[in-house]
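See below for entry-v1.tsv, which holds TSV, C-alpha atoms.
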chain	number	residue	atom	x	y	z
A	1	MET	CA	37.42	65.51	30.32
A	2	LYS	CA	34.03	66.93	31.23
A	3	LEU	CA	34.98	66.94	34.95
A	4	VAL	CA	38.17	68.90	34.24
A	5	LYS	CA	36.23	71.44	32.19
A	6	THR	CA	33.60	71.89	34.93
A	7	THR	CA	36.27	72.30	37.58
A	8	SER	CA	38.01	74.93	35.48
A	9	ILE	CA	34.75	76.86	35.09
A	10	VAL	CA	34.08	76.76	38.86
A	11	PHE	CA	37.63	77.91	39.63
A	12	ALA	CA	37.39	80.75	37.10
A	13	THR	CA	34.06	81.84	38.55
A	14	LEU	CA	35.44	81.79	42.10
A	15	CYS	CA	38.44	83.85	41.06
A	16	PHE	CA	36.15	86.36	39.35
A	17	VAL	CA	33.99	86.73	42.48
A	18	LEU	CA	37.03	87.12	44.73
A	19	ALA	CA	38.58	89.69	42.43
A	20	ALA	CA	35.33	91.61	42.14
A	21	ASN	CA	35.18	91.92	45.91
A	22	GLY	CA	38.85	92.85	46.25
A	23	CYS	CA	39.43	89.69	48.23
A	24	SER	CA	41.62	87.57	46.01
A	25	PRO	CA	44.08	85.42	47.97
A	26	VAL	CA	46.93	87.71	46.93
A	27	ASN	CA	45.05	90.88	47.87
A	28	LYS	CA	44.03	89.38	51.20
A	29	VAL	CA	47.66	88.61	52.07
A	30	LYS	CA	48.72	92.11	51.07
A	31	ARG	CA	45.98	93.67	53.20
A	32	THR	CA	46.93	91.54	56.21
A	33	LEU	CA	50.58	92.49	55.86
A	34	THR	CA	49.61	96.15	55.63
A	35	LEU	CA	47.53	95.93	58.82
A	36	ASN	CA	50.33	94.15	60.63
A	37	ASP	CA	52.79	96.82	59.56
A	38	ILE	CA	50.45	99.61	60.69
A	39	HIS	CA	50.00	97.87	64.03
A	40	ILE	CA	53.76	97.57	64.55
A	41	GLN	CA	54.46	101.16	63.51
A	42	ALA	CA	51.65	102.48	65.73
A	43	ALA	CA	53.03	100.59	68.72
A	44	ILE	CA	56.52	101.95	68.02
A	45	ALA	CA	55.15	105.50	67.83
A	46	GLU	CA	53.38	105.04	71.17
A	47	ASN	CA	56.54	103.70	72.79
A	48	LYS	CA	58.39	106.78	71.55
A	49	GLY	CA	55.69	109.04	72.95
A	50	ASP	CA	54.76	110.27	69.48
A	51	ASP	CA	50.99	110.37	69.94
A	52	ILE	CA	50.42	112.41	66.76
A	53	GLN	CA	51.96	109.66	64.64
A	54	ALA	CA	50.29	106.95	66.72
A	55	HIS	CA	46.95	108.67	66.21
A	56	GLU	CA	47.40	108.74	62.43
A	57	LEU	CA	48.39	105.09	62.32
A	58	TRP	CA	45.69	103.75	64.64
A	59	SER	CA	43.10	105.85	62.78
A	60	GLU	CA	44.21	104.23	59.54
A	61	TYR	CA	44.02	100.80	61.14
A	62	VAL	CA	40.50	101.45	62.44
A	63	ASP	CA	39.42	102.69	59.02
A	64	LEU	CA	40.62	99.42	57.50
A	65	ARG	CA	39.35	97.17	60.29
A	66	PRO	CA	36.73	98.89	62.45
A	67	GLN	CA	35.84	95.60	64.15
A	68	SER	CA	39.26	95.36	65.78
A	69	VAL	CA	38.68	95.73	69.52
A	70	LEU	CA	42.36	96.32	70.23
A	71	ALA	CA	42.70	99.05	67.61
A	72	GLN	CA	39.58	100.85	68.84
A	73	TYR	CA	40.88	100.74	72.39
A	74	ARG	CA	44.41	101.85	71.52
A	75	LEU	CA	43.11	104.70	69.39
A	76	GLY	CA	40.88	105.74	72.28
A	77	MET	CA	43.87	105.78	74.63
A	78	VAL	CA	45.80	107.99	72.23
A	79	GLU	CA	42.78	110.31	71.96
A	80	MET	CA	42.71	110.55	75.76
A	81	ARG	CA	46.35	111.60	75.91
A	82	LEU	CA	45.66	114.21	73.23
A	83	GLY	CA	42.71	115.55	75.23
A	84	ASN	CA	40.11	114.45	72.69
A	85	PHE	CA	37.75	112.97	75.24
A	86	GLU	CA	34.60	112.89	73.11
A	87	GLN	CA	36.39	111.04	70.30
A	88	ALA	CA	38.01	108.71	72.82
A	89	SER	CA	34.64	107.81	74.34
A	90	ALA	CA	33.33	106.86	70.89
A	91	HIS	CA	36.18	104.39	70.34
A	92	PHE	CA	35.94	102.98	73.86
A	93	ARG	CA	32.21	102.46	73.42
A	94	ILE	CA	32.82	100.46	70.25
A	95	ALA	CA	35.45	98.39	72.07
A	96	HIS	CA	33.03	97.69	74.90
A	97	ASP	CA	30.18	96.87	72.54
A	98	LEU	CA	32.43	94.44	70.68
A	99	LYS	CA	33.68	92.85	73.89
A	100	PRO	CA	31.24	93.45	76.76
A	101	GLY	CA	32.38	92.45	80.20
A	102	ASN	CA	35.92	93.72	79.75
A	103	ILE	CA	36.44	95.93	82.82
A	104	GLU	CA	39.38	97.75	81.25
A	105	TYR	CA	37.14	98.98	78.44
A	106	ILE	CA	34.37	99.99	80.85
A	107	GLU	CA	36.80	101.94	83.01
A	108	ALA	CA	38.31	103.64	79.96
A	109	LEU	CA	34.90	104.63	78.65
A	110	ALA	CA	33.78	105.87	82.07
A	111	GLU	CA	36.94	107.97	82.40
A	112	ALA	CA	36.50	109.46	78.93
A	113	LEU	CA	32.87	110.39	79.66
A	114	ALA	CA	33.88	111.90	83.00
A	115	GLN	CA	36.64	113.95	81.38
A	116	ALA	CA	34.23	115.08	78.67
A	117	GLY	CA	31.77	116.27	81.32
A	118	ARG	CA	29.04	113.94	80.11
A	119	SER	CA	27.59	113.08	83.50
A	120	ASP	CA	24.28	111.67	82.25
A	121	SER	CA	25.97	109.33	79.78
A	122	LEU	CA	28.48	108.32	82.45
A	123	MET	CA	25.82	107.39	85.00
A	124	LYS	CA	23.81	105.55	82.36
A	125	LEU	CA	26.88	103.49	81.46
A	126	LEU	CA	27.66	102.70	85.09
A	127	HIS	CA	24.12	101.54	85.78
A	128	GLU	CA	24.03	99.45	82.60
A	129	THR	CA	27.32	97.72	83.45
A	130	ILE	CA	26.78	97.38	87.20
A	131	GLU	CA	26.74	93.57	87.02
A	132	GLU	CA	29.94	93.36	85.00
A	133	GLY	CA	33.00	92.30	86.98
A	134	GLU	CA	33.36	90.67	90.39
A	135	PRO	CA	30.32	90.72	92.72
A	136	GLY	CA	29.92	94.19	94.15
A	137	SER	CA	32.61	95.76	91.94
A	138	GLY	CA	30.07	97.41	89.66
A	139	GLN	CA	28.47	99.15	92.63
A	140	LEU	CA	31.87	100.39	93.81
A	141	ARG	CA	32.67	101.63	90.32
A	142	LEU	CA	29.36	103.51	90.25
A	143	ALA	CA	30.02	104.94	93.71
A	144	ARG	CA	33.50	106.11	92.77
A	145	TYR	CA	32.38	108.04	89.72
A	146	ALA	CA	29.18	109.29	91.33
A	147	GLN	CA	31.25	110.78	94.16
A	148	ARG	CA	33.66	112.26	91.66
A	149	ILE	CA	30.93	114.18	89.83
A	150	GLY	CA	29.17	115.21	93.03
A	151	PHE	CA	26.29	112.70	93.12
A	152	MET	CA	26.87	111.98	96.82
A	153	ASP	CA	23.51	110.39	97.68
A	154	GLU	CA	23.83	108.00	94.76
A	155	ALA	CA	27.42	107.25	95.74
A	156	ARG	CA	26.40	106.33	99.29
A	157	GLU	CA	23.57	104.12	98.05
A	158	ALA	CA	25.89	102.34	95.61
A	159	LEU	CA	28.45	101.71	98.36
A	160	LEU	CA	25.83	100.15	100.61
A	161	LEU	CA	24.71	97.92	97.73
A	162	GLY	CA	28.33	96.99	97.06
A	163	ILE	CA	28.81	96.02	100.69
A	164	ALA	CA	25.67	93.88	100.57
A	165	ARG	CA	26.75	92.15	97.37
A	166	ASP	CA	30.23	91.45	98.73
A	167	ALA	CA	28.65	89.89	101.84
A	168	GLY	CA	31.72	90.32	104.04
A	169	GLN	CA	34.14	88.54	101.73
A	170	SER	CA	36.72	91.33	101.42
A	171	PRO	CA	37.69	94.64	103.04
A	172	THR	CA	37.41	96.56	99.75
A	173	PRO	CA	33.82	97.87	99.99
A	174	TYR	CA	34.20	98.72	103.68
A	175	LEU	CA	37.34	100.71	102.96
A	176	ALA	CA	35.55	102.47	100.11
A	177	MET	CA	32.78	103.48	102.49
A	178	ALA	CA	35.34	104.69	105.05
A	179	ASP	CA	37.04	106.79	102.37
A	180	PHE	CA	33.67	108.19	101.29
A	181	ALA	CA	32.82	109.09	104.89
A	182	ASN	CA	36.19	110.81	105.21
A	183	ALA	CA	35.49	112.85	102.06
A	184	ILE	CA	32.20	114.17	103.43
A	185	GLY	CA	33.51	114.70	106.98
A	186	ASP	CA	31.47	111.93	108.61
A	187	ARG	CA	33.89	110.90	111.37
A	188	ASP	CA	31.68	108.33	113.09
A	189	THR	CA	30.93	106.44	109.88
A	190	GLU	CA	34.59	106.51	108.90
A	191	ILE	CA	35.59	104.97	112.24
A	192	LYS	CA	32.87	102.34	112.00
A	193	TYR	CA	33.94	101.14	108.57
A	194	LEU	CA	37.64	101.30	109.34
A	195	ARG	CA	36.96	98.96	112.24
A	196	TYR	CA	35.23	96.61	109.81
A	197	VAL	CA	38.27	96.77	107.56
A	198	LEU	CA	40.51	95.96	110.53
A	199	TRP	CA	38.62	92.68	110.98
A	200	PHE	CA	40.32	91.32	107.86
A	201	ASP	CA	43.79	92.19	109.14
A	202	ARG	CA	44.00	93.23	112.78
A	203	ALA	CA	47.61	94.36	112.38
A	204	ASP	CA	47.09	96.52	109.27
A	205	PRO	CA	49.38	99.49	110.01
A	206	THR	CA	47.61	101.86	107.63
A	207	ILE	CA	44.19	101.27	109.14
A	208	LEU	CA	45.54	101.41	112.70
A	209	ALA	CA	47.23	104.73	111.89
A	210	ARG	CA	43.99	106.13	110.47
A	211	LEU	CA	42.05	105.09	113.56
A	212	GLU	CA	44.70	106.65	115.79
A	213	SER	CA	44.46	109.89	113.82
A	214	LEU	CA	40.74	109.85	114.53
A	215	GLY	CA	41.38	109.73	118.28
A	216	LEU	CA	41.25	106.01	119.00
A	217	ILE	CA	43.90	103.96	120.77
A	218	PRO	CA	45.22	101.59	118.09
A	219	GLY	CA	45.07	97.87	118.69
A	220	PRO	CA	43.54	94.63	117.38
A	221	SER	CA	40.61	94.92	119.78
A	222	LEU	CA	39.22	97.71	117.60
A	223	ALA	CA	38.30	95.18	114.91
A	224	ILE	CA	34.62	94.36	114.60
A	225	ALA	CA	32.98	91.72	112.44
A	226	PRO	CA	31.58	93.09	109.17
A	227	THR	CA	27.85	93.42	108.85
A	228	GLN	CA	25.67	94.04	105.83
Kindly transcribe the structure held in the file into structure tokens.
Amino acid sequence: MKLVKTTSIVFATLCFVLAANGCSPVNKVKRTLTLNDIHIQAAIAENKGDDIQAHELWSEYVDLRPQSVLAQYRLGMVEMRLGNFEQASAHFRIAHDLKPGNIEYIEALAEALAQAGRSDSLMKLLHETIEEGEPGSGQLRLARYAQRIGFMDEAREALLLGIARDAGQSPTPYLAMADFANAIGDRDTEIKYLRYVLWFDRADPTILARLESLGLIPGPSLAIAPTQ
């Protein structure tokens, strides 16, 4: 009899604590259902192209569950489409902080900062996340955005670091350097790195066409082994 009475007291106390915190089992189920419904309706609004409605719904979701990485990211994407780049960057930063190492979130945040004209914050982010992703990819990401905002010396340095980190495993960093050289009108460097790219596929029609446009006779003999 005493055990039953004690158990009843403990159960009553637990229910009181849960109710006081708004977390009774019933309330928790209702809240979960509400979040699920908001999520579904927000996704439907996005599919319909109704970003105003999607923004309202994702904002409500984030207010209820700010630790949701997906909601922060989706709200940021809606903000981007609405041209609210500063607000978007705030949501993308939260998403990245909650789940570091996710390249999609880094790229989204970098794009938002670039669109917002926040060059210093952009470069800080790119340097801080330079080791995130495949070897050398962080350097190429830094180079891409540095070139975009006119930091050409830093872009070149990042490309060279990316090439060193890749250590001749893929044509990607060599092609990035060739594209950079093309952008600044450095014909000799462009040819050099296109020839490195050709090493990975001597019959690559795109690279052969680019070399021909630069005055070379196309052919597999143009390929040269990559160097760091």
Could you name the residues that touch Leu222 (chain A) at 10 Å or less, counting only C-alpha atoms, but leaving out those on the same chain fewer than 4 positions away, as a list in words? Ile191, Lys192, Leu194, Arg195, Tyr196, Leu198, Trp199, Arg202, Leu208, Leu211, Leu216, Ile217 and Pro218 of chain A
Pro226 (chain A) proximity check over A:Asn102, A:His91, A:Val197, A:Asp63, using all atoms listed in the file: winner is A:Val197
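Nearest to Glu131 (chain A) of all the residues A:Ile103, A:Arg148, A:His55, A:Gly185 is A:Ile103, counting all atoms listed in the file.
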Compile the contact shell of region 79-88 of chain A as a list of chain:residue names: residues with an atom at most 10 Å away, counting all atoms listed in the file, same-chain residues fewer than 3 positions apart removed. A:Asp51, A:Ile52, A:Ala54, A:His55, A:Gln72, A:Tyr73, A:Arg74, A:Leu75, A:Gly76, A:His91, A:Phe92, A:Arg93, A:Ala108, A:Leu109, A:Glu111, A:Ala112, A:Leu113, A:Ala114, A:Gln115, A:Ala116, A:Gly117, A:Arg118
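A straight line drawn from CA of Met123 (chain A) to CA of Ala176 (chain A) is 18.6 Å long.
One distance worth recording is that between CA of Glu212 (chain A) and CA of Ser170 (chain A), which is 22.5 Å.
For the choices A:Gln147, A:Asn182, A:Thr206, A:Ser137, the atom-to-atom distance to Ala164 (chain A) is smallest for A:Ser137 when using only C-alpha atoms.
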Computed gap from CA of Pro220 (chain A) to CA of Ala203 (chain A) is 6.5 Å
Quick one: residues within 9 Å of Pro100 (chain A), all atoms listed in the file, excluding same-chain residues fewer than 6 positions away - as a VMD selection string? chain A and resid 106 129 132
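Candidate residues A:Asp120, A:Glu134, A:Asp188, A:Glu60 were compared for distance to Thr172 (chain A), and the nearest is A:Glu134, using all atoms listed in the file.
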